[in-house]
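Visitor: Below is a structure I'd like to ask you about.
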Amino acid sequence: MTSQKTAAVLTCVLVMGFLLLCGKTASVRYKASHFKPEEAKALEEALTTPDSPPPRPVGPPLIRFVQVTDTHHHGGDLDLTSLREEERRLVECVRFCNETLQPDFVVHTGDIVYPGDGRQLERCDVLMDGLSCPWIPVCGNHDGPDFTARYGPVNSSFTHRGVHFVSFPVMDTFQLEDFSIKKAMKWLEADLAEHRGYPTVLFCHDPVFVWADLGRNHRIMEKAGSVALVLSGHLHTDLKLVRGRIHHVTTWQFRRKPHRIRCCDVYSRGIWMDSYEYVGGKERFARKGPTYFAPFRVPVAGSSEKGKGLGH
């Protein structure tokens, strides 16, 4: 394992351990001596307590999308009458999205299954395809070599109602023969440059602060000047941090308690993000945790263009 990969793994473990000990969203201060000095300083400055969001605008959002992450589906029979409890929760999540939240799309930010194979992905598809809107899969480190055969390239993007969305895996730990993190970063740089005039949201599995070569890769996003939010999973916890002018949010895993999802409302000024926790019963889901906000760095254009990413 390279020193950069080792640094990324150690960062992930230490951050996760701290948050699990605290049992809640916390202000995290982590001095990573094994990072480059400038990267350790940036990480120290980036990990902050949640901000106080401005008042939410009156009226419906321009876009609403929902994030689900780390379902870690273990497969099983395709007979829907034999659903296990974890599958029932996912079915309830689908119903809650369809009947209550009614998003434009749902994004699954990786670790759809565990361990990954085509049969498990197929099983999860049966459940997720119950959504009345498109859903977008992001490749996680457990999703296995069958991901691209089922969903297509791991890098993809689309523009919807003046906002650009990018699905992007970040750590080169996937069991994909043709995956290269260097090529992926070049693709990301070109995509962000092409859509510089649009406020941009990145969907990743691994949070940016566990990426190898953190400083260089973050500079690519800063250079674009339009990235407002990076939304991810992987850490199985709730965390908000700001580095430079980019906001980073991780969301609780759905498979284990507290079984949360994140509803994101996009307005012209930015994105308001609320967490919903599965509570069962008639309510199914209830609002929990803080509301996060990520301001846009460039204005929302008045155009509406749906890319192929919304077609899944």
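Ligands are numbered from 1 in the order shown, chains are lettered A, B, ... in the order of the structure tokens, and residues start at 1 in each chain.
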Please list as a ChimeraX atom specification every residue within 12 Å of Ile136 of chain A, counting only C-alpha atoms and excluding residues in the same chain fewer than 3 positions away.

Guide: /A:65-69,104-110,112,125,128-129,131,133,139,151-158,165-168,203-204,307-312

Visitor: When you look at segment 218-231 of chain A with a cut-off of 8 Å (counting only C-alpha atoms), what residues show up, excluding the ones that are within fewer than 3 positions of it in the same chain? I need them as a PyMOL selection string.

Guide: chain A and resi 109+189+192-193+196-204+207-208+214-215+244-251+294-298

Visitor: List every residue of segment 74-277 of chain A that DSSP, applied to the backbone, labels as alpha helix (DSSP H), and write the result as a VMD selection string.

Guide: chain A and resid 85 to 96 118 to 128 147 to 151 181 to 194 214 to 224

Visitor: Hey, which of A:Cys93, A:Pro299, A:Leu62, A:Thr148 ends up closest to Ala286 of chain A? Count only C-alpha atoms.

Guide: A:Cys93

Visitor: When DSSP works through the backbone of this structure, what residues of segment 79-254 of chain A end up as strand (DSSP E), shown as an MDAnalysis selection string?

Guide: chainID A and resid 105:108 135:137 156:160 163:167 200:203 227:232 239:243 246:250

Visitor: Would you pick out the contacts of Pro53 of chain A at 9 Å or less, using only C-alpha atoms, so that residues sharing its chain but fewer than 4 positions from it are not included, and give the list as a PyMOL selection string?

Guide: chain A and resi 272+291-294

Visitor: Using only C-alpha atoms, which residue out of A:Arg284, A:Arg255, A:His234, A:Arg161 lies closest to His74 of chain A?

Guide: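 Of A:Arg284, A:Arg255, A:His234, A:Arg161, the one nearest His74 of chain A, counting only C-alpha atoms, is A:Arg255.
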